[in-house]
Each structure stands twice: as C-alpha cells, then as structure tokens.
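Novice: Below is the structure I would like to discuss, written out as structure tokens.
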Amino acid sequence: LVGLIPRISNLLFYCIKGTPEHEFFVEGSYLEIYNEKLRDLLASQGGDDLKVRENPQLGVHVAGLTKHHVDTADNVEKIIEDGTGHRTVAATKYNSESSRSHAVFELHIQQKYKDDISGEEMQSKTKIALIDLAGSERSDKLGSVGKALQEGNNINKSLTVLGRCIKALVEKANSKKKKVQVPFRESVLTYYLRESLAGNARTTMLACVSPAGSNEEETLSTLRYAASAKQIKTSAKKSEDPLKAKVRELAMEVENLKRQLAE
C-alpha cells in the first residue's frame, strides 16, 4: 500500500512538471518533538533542543532547522527514510517500536512566475506540513515506568494542551463577540502548529482508531478530538509580495474598465 506522503509528493512533482512556465524550488525538513524539545532528524550533527521563533517574514518557524533540496518524489522518500531512522522509539507492552515523540515533516515550496495581466515577475511560497501525533498513553495499561513513564507523560501533556486549543478555537469560531484565549504557548507542539490550527492554512485531521473492544476508551477519545477539530475555521490566503499583488489588482481593474468602455 502507498502511504500519504508518497502520494502527496508524487502529485506535487506531477503538478510541477505540468507547469513549465513556473520556476519551482522545493525543500524538505523533518523534526520530532521529544519530551517537549525539538530535535532535527536530518542534521548530520547537533540539531538537539532547537527553538521555535516567530517573525513577520517567516511566521512561526524553527531556527537552525536543516532543509534539503528535493526535486523528485524519490528524493522525498530518501529523506523520510533517513529521518525516520533517527526517530526516538522504544518497546512497550503492545508495540516493539513505539514512537516516543510527535514528528513533523514539511515540504517548503517556492515558485516564480510572470503574471499574465500585469506582466510583473511574481514570487509566492507555501509549505505542506505533515504531522504524526504520538498516541495518548495509559501507564497502567502499558506498564510504563522510569524513562518510558516520563515520555508518556510528556506526550499526554502536549495532546491535552492540543485538545484545549481545539476546544478554545471552536468556542472562538462559534462566538464572535466573546474574547477567547487559546493556550498555544503551553506546549511546544501547539506553539509550533499554531498556524496550521488557526492561521493562514487549510488543515485536515486523520484519526486512527481501533475496532478492538480493549481500545474503546482511546477510540472514543480520538473521535471526540476529530469531531471538535472539524468545527475549527481556517482561512488560506496566497503568500506573495503585497506590492506586486496590488499592481496585479490594479492591472485587472484597468482591463475591466477597458472592456466596459469597449462595450
């Protein structure tokens, strides 16, 4: 079976190949959030305890994160394999290689093109963020002790904060007048994913559930999570030079006026 990331990267490069009049540059990055710390999975050395930063040009980003240029779906698969080999895993009662962290793989895409109407050289950028959330853990069920218990507690903490953020965002969407504080900064996970949850983005959540009766509590919790997330409203806008975008709008307005005069 072909997974989600190969499907996305195949479609991305298929679309790029079909748009020869645009110039594209694509980079990939891969990190994990382990015990509330960011770790670069593609760094040849170092890359531990990176920091989330925010500025008007880059938005929310990780300072010093390694990015690899990719120009084919095979390149994407290669860095996924390299990064996954560095992820933190451990054996639990039910899984011999249980992930002990959340992981975020991102494709950063820039494109240059000439606008048909204004003739201006335009540049826009976007990113595709694919987030693998570790599942919530019950220490009594898994028999976690010591290091594994601490890892599970940090996973549960970040998922709890994520749930509170989702609840607050839903409340905010349903009540325009009421001022709602969203606790993004209470977890590294939610702070980094703030734009995906409530910013300039289109977001999809895939819920993994189990038909087993022994997992009933976790399954219901996950479904409640997903049902709440569906109510969040995001608004995606094209990221481009505002001055050149304004020139294009004015050029379109001039063309419309010319058509009206001709009629």
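Letters for chains follow the order of the structure tokens (A, B, ...), residue numbers begin at 1 for each chain, and ligand numbers begin at 1 in the order shown.
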When you look at range 212-221 of chain A with a cut-off of 9 Å (counting only C-alpha atoms), what residues show up, excluding the ones that are within fewer than 3 positions of it in the same chain? I need them as a CSV table (one decimal) with N, CA and C atoms, in the first residue's frame.
Specialist:
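Written file, out_3.csv:
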chain,number,residue,atom,x,y,z
A,135,GLY,N,0.3,8.6,19.9
A,135,GLY,CA,-1.0,8.4,20.6
A,135,GLY,C,-0.9,8.6,22.1
A,136,SER,N,-2.0,8.9,22.7
A,136,SER,CA,-2.0,9.1,24.2
A,136,SER,C,-1.7,7.8,24.9
A,137,GLU,N,-1.2,7.8,26.0
A,137,GLU,CA,-0.7,6.6,26.7
A,137,GLU,C,-1.3,6.5,28.1
A,208,CYS,N,-6.8,7.9,13.6
A,208,CYS,CA,-6.5,6.5,13.6
A,208,CYS,C,-7.2,5.8,14.8
A,209,VAL,N,-8.2,4.9,14.5
A,209,VAL,CA,-8.9,4.3,15.6
A,209,VAL,C,-8.8,2.8,15.5
A,224,ARG,N,-13.8,12.0,19.5
A,224,ARG,CA,-14.2,13.3,20.0
A,224,ARG,C,-13.3,14.4,19.6
A,225,TYR,N,-12.0,14.1,19.7
A,225,TYR,CA,-10.9,15.0,19.2
A,225,TYR,C,-11.2,15.5,17.8
A,226,ALA,N,-11.4,14.5,16.9
A,226,ALA,CA,-11.6,14.8,15.5
A,226,ALA,C,-12.9,15.6,15.2
Novice: Would you mind listing what lies within 10 Å of Leu42 in chain A as a list in words, with only C-alpha atoms counted and same-chain residues fewer than 3 positions away left out?
Specialist: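 These residues fall inside the cut-off: Gly28, Ser29, Tyr30, Leu31, Arg39, Gln45, Gly46, Gly47, Leu65, Thr66, Lys67, His68, Ile79, Ile80, Asp82, Gly83, Thr84, Gly85 and His86 of chain A.
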Novice: Got time to write the residues from that selection, N, CA, C and O atoms, as an mmCIF file, in the first residue's frame?
Specialist:
data_model
loop_
_atom_site.group_PDB
_atom_site.id
_atom_site.type_symbol
_atom_site.label_atom_id
_atom_site.label_comp_id
_atom_site.auth_asym_id
_atom_site.auth_seq_id
_atom_site.Cartn_x
_atom_site.Cartn_y
_atom_site.Cartn_z
ATOM 1 N N GLY A 28 12.794 19.972 1.836
ATOM 2 C CA GLY A 28 12.145 19.150 2.843
ATOM 3 C C GLY A 28 12.844 19.258 4.187
ATOM 4 O O GLY A 28 14.072 19.376 4.246
ATOM 5 N N SER A 29 12.067 19.252 5.266
ATOM 6 C CA SER A 29 12.626 19.246 6.622
ATOM 7 C C SER A 29 11.863 18.219 7.455
ATOM 8 O O SER A 29 10.717 17.887 7.156
ATOM 9 N N TYR A 30 12.502 17.716 8.502
ATOM 10 C CA TYR A 30 11.914 16.639 9.299
ATOM 11 C C TYR A 30 12.389 16.795 10.744
ATOM 12 O O TYR A 30 13.592 16.824 11.008
ATOM 13 N N LEU A 31 11.463 16.931 11.675
ATOM 14 C CA LEU A 31 11.831 17.083 13.083
ATOM 15 C C LEU A 31 10.909 16.255 13.965
ATOM 16 O O LEU A 31 9.847 15.813 13.536
ATOM 17 N N ARG A 39 13.860 18.363 17.952
ATOM 18 C CA ARG A 39 15.091 17.702 17.507
ATOM 19 C C ARG A 39 15.054 17.528 15.995
ATOM 20 O O ARG A 39 14.098 16.992 15.431
ATOM 21 N N GLN A 45 24.986 16.567 12.535
ATOM 22 C CA GLN A 45 25.463 16.664 13.917
ATOM 23 C C GLN A 45 24.710 17.780 14.632
ATOM 24 O O GLN A 45 24.242 18.722 14.007
ATOM 25 N N GLY A 46 24.589 17.659 15.922
ATOM 26 C CA GLY A 46 23.807 18.642 16.685
ATOM 27 C C GLY A 46 22.329 18.471 16.374
ATOM 28 O O GLY A 46 21.835 17.371 16.180
ATOM 29 N N GLY A 47 21.628 19.589 16.310
ATOM 30 C CA GLY A 47 20.205 19.541 15.962
ATOM 31 C C GLY A 47 19.289 19.236 17.120
ATOM 32 O O GLY A 47 18.096 19.016 16.928
ATOM 33 N N LEU A 65 16.825 24.845 11.593
ATOM 34 C CA LEU A 65 16.330 23.550 11.098
ATOM 35 C C LEU A 65 16.935 23.238 9.724
ATOM 36 O O LEU A 65 16.947 24.087 8.834
ATOM 37 N N THR A 66 17.438 22.018 9.556
ATOM 38 C CA THR A 66 18.029 21.589 8.288
ATOM 39 C C THR A 66 16.948 21.426 7.216
ATOM 40 O O THR A 66 15.903 20.829 7.475
ATOM 41 N N LYS A 67 17.241 21.949 6.013
ATOM 42 C CA LYS A 67 16.339 21.777 4.874
ATOM 43 C C LYS A 67 17.130 21.197 3.708
ATOM 44 O O LYS A 67 18.209 21.693 3.391
ATOM 45 N N HIS A 68 16.592 20.148 3.103
ATOM 46 C CA HIS A 68 17.250 19.503 1.973
ATOM 47 C C HIS A 68 16.479 19.793 0.687
ATOM 48 O O HIS A 68 15.253 19.635 0.652
ATOM 49 N N ILE A 79 14.809 11.214 2.176
ATOM 50 C CA ILE A 79 14.996 11.958 3.427
ATOM 51 C C ILE A 79 14.008 11.495 4.502
ATOM 52 O O ILE A 79 14.315 11.574 5.694
ATOM 53 N N ILE A 80 12.848 10.998 4.094
ATOM 54 C CA ILE A 80 11.915 10.410 5.070
ATOM 55 C C ILE A 80 12.566 9.190 5.725
ATOM 56 O O ILE A 80 12.521 9.018 6.956
ATOM 57 N N ASP A 82 15.792 8.510 5.934
ATOM 58 C CA ASP A 82 16.932 8.939 6.758
ATOM 59 C C ASP A 82 16.450 9.495 8.098
ATOM 60 O O ASP A 82 16.997 9.160 9.155
ATOM 61 N N GLY A 83 15.423 10.351 8.060
ATOM 62 C CA GLY A 83 14.919 10.972 9.284
ATOM 63 C C GLY A 83 14.240 9.976 10.202
ATOM 64 O O GLY A 83 14.435 10.006 11.425
ATOM 65 N N THR A 84 13.462 9.060 9.629
ATOM 66 C CA THR A 84 12.748 8.069 10.434
ATOM 67 C C THR A 84 13.722 7.166 11.189
ATOM 68 O O THR A 84 13.449 6.724 12.316
ATOM 69 N N GLY A 85 14.882 6.928 10.580
ATOM 70 C CA GLY A 85 15.904 6.119 11.241
ATOM 71 C C GLY A 85 16.466 6.773 12.490
ATOM 72 O O GLY A 85 17.063 6.098 13.340
ATOM 73 N N HIS A 86 16.264 8.094 12.635
ATOM 74 C CA HIS A 86 16.759 8.820 13.801
ATOM 75 C C HIS A 86 15.661 9.119 14.834
ATOM 76 O O HIS A 86 15.943 9.735 15.864
#
Novice: So which one's closest to Leu189 in chain A, A:Val60, A:Met252, A:Cys15, A:Ala201? Using only C-alpha atoms, please.
Specialist: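 Counting only C-alpha atoms, the residue closest to Leu189 in chain A is A:Val60.
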Novice: Compile the contact shell of range 173-176 of chain A as a short mmCIF file (atom, residue, chain, number, x, y, z; two decimals) with all heavy atoms, in the first residue's frame: residues with an atom at most 9 Å away, counting only C-alpha atoms, same-chain residues fewer than 5 positions apart removed.
Specialist:
data_model
loop_
_atom_site.label_atom_id
_atom_site.label_comp_id
_atom_site.auth_asym_id
_atom_site.auth_seq_id
_atom_site.Cartn_x
_atom_site.Cartn_y
_atom_site.Cartn_z
N ALA A 168 -10.84 25.73 22.53
CA ALA A 168 -10.88 27.19 22.55
C ALA A 168 -11.13 27.77 21.16
O ALA A 168 -11.86 28.75 20.98
CB ALA A 168 -9.57 27.74 23.12
N GLN A 231 -14.80 21.59 13.58
CA GLN A 231 -15.52 22.86 13.73
C GLN A 231 -14.61 24.09 13.66
O GLN A 231 -15.09 25.22 13.62
CB GLN A 231 -16.26 22.86 15.07
CG GLN A 231 -17.29 21.75 15.19
CD GLN A 231 -17.98 21.77 16.54
OE1 GLN A 231 -18.61 22.75 16.92
NE2 GLN A 231 -17.84 20.68 17.30
N ILE A 232 -13.28 23.86 13.62
CA ILE A 232 -12.35 24.99 13.53
C ILE A 232 -12.40 25.58 12.13
O ILE A 232 -12.45 24.86 11.13
CB ILE A 232 -10.91 24.54 13.86
CG1 ILE A 232 -10.82 24.04 15.30
CG2 ILE A 232 -9.92 25.68 13.65
CD1 ILE A 232 -9.48 23.43 15.66
N LYS A 233 -12.38 26.90 12.04
CA LYS A 233 -12.41 27.58 10.75
C LYS A 233 -11.05 28.24 10.49
O LYS A 233 -10.58 29.04 11.27
CB LYS A 233 -13.52 28.63 10.72
CG LYS A 233 -14.93 28.05 10.83
CD LYS A 233 -15.98 29.15 10.84
CE LYS A 233 -17.39 28.57 10.81
NZ LYS A 233 -17.71 27.79 12.00
#
Novice: Nearest to Ala129 in chain A: which of A:Gln57, A:Gln260, A:Ser210, A:Ser196 is it, counting only C-alpha atoms?
Specialist: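 Answer, going by the shortest atom-to-atom distance: A:Ser196.
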Novice: When you look at range 112-115 of chain A with a cut-off of 8 Å (counting only C-alpha atoms), what residues show up, excluding the ones that are within fewer than 5 positions of it in the same chain? I need them as a list in words.
Specialist: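 The neighbour list is Glu21, His22, Glu23, Phe24, Glu120, Glu121, Met122, Gln123, Ser124 and Arg248 of chain A.
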Novice: Pick out the closest residue to Leu4 in chain A from this set: A:His108, A:Ser158, A:Asp116, A:Glu77. Count only C-alpha atoms.
Specialist: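 Using only C-alpha atoms, Leu4 in chain A sits closest to A:Glu77.
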Novice: Name the residues of range 46-241 of chain A that come out as helix (DSSP H, G or I) in a backbone DSSP run; write them as number ranges by chain.
Specialist: A: 73-84, 139-142, 146-174, 184-186, 188-192, 194-198, 213-229
Novice: Could you pull out all residues of range 39-248 of chain A with a DSSP call of strand (DSSP E or B) and give them as an MDAnalysis selection string?
Specialist: chainID A and resid 39:40 48:50 52:55 59:62 68:69 89:90 98:99 102:114 121:132 240
Novice: Could you check which of A:Lys17, A:Lys230, A:His61, A:Lys258 is closest to Val170 in chain A, using only C-alpha atoms?
Specialist: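 For Val170 in chain A, the nearest of the given residues is A:Lys230.
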Novice: If we count only C-alpha atoms and set the cut-off at 12 Å, which residues sit around Glu54 in chain A, ignoring sequence neighbours fewer than 2 positions away in its own chain? Please answer as a PyMOL selection string.
Specialist: chain A and resi 51-52+56-63+191-195
Novice: Write the residues of the selection above to a file with C-alpha atoms, as a PDB file, in the first residue's frame.
Specialist:
ATOM      1  CA  LYS A  51      13.845  26.728  19.412  1.00  0.00           C
ATOM      2  CA  VAL A  52      10.569  27.906  17.874  1.00  0.00           C
ATOM      3  CA  PRO A  56       6.639  38.777  10.246  1.00  0.00           C
ATOM      4  CA  GLN A  57       8.574  37.409   7.254  1.00  0.00           C
ATOM      5  CA  LEU A  58       8.900  33.725   8.218  1.00  0.00           C
ATOM      6  CA  GLY A  59       5.978  33.383  10.614  1.00  0.00           C
ATOM      7  CA  VAL A  60       6.306  30.555  13.165  1.00  0.00           C
ATOM      8  CA  HIS A  61       9.447  28.562  12.331  1.00  0.00           C
ATOM      9  CA  VAL A  62      12.279  26.558  13.882  1.00  0.00           C
ATOM     10  CA  ALA A  63      15.606  28.402  13.926  1.00  0.00           C
ATOM     11  CA  TYR A 191       3.058  26.666  19.606  1.00  0.00           C
ATOM     12  CA  TYR A 192       4.754  25.267  16.508  1.00  0.00           C
ATOM     13  CA  LEU A 193       1.460  24.160  14.926  1.00  0.00           C
ATOM     14  CA  ARG A 194      -0.351  27.414  15.672  1.00  0.00           C
ATOM     15  CA  GLU A 195      -0.540  28.477  12.014  1.00  0.00           C
TER      16      GLU A 195
END
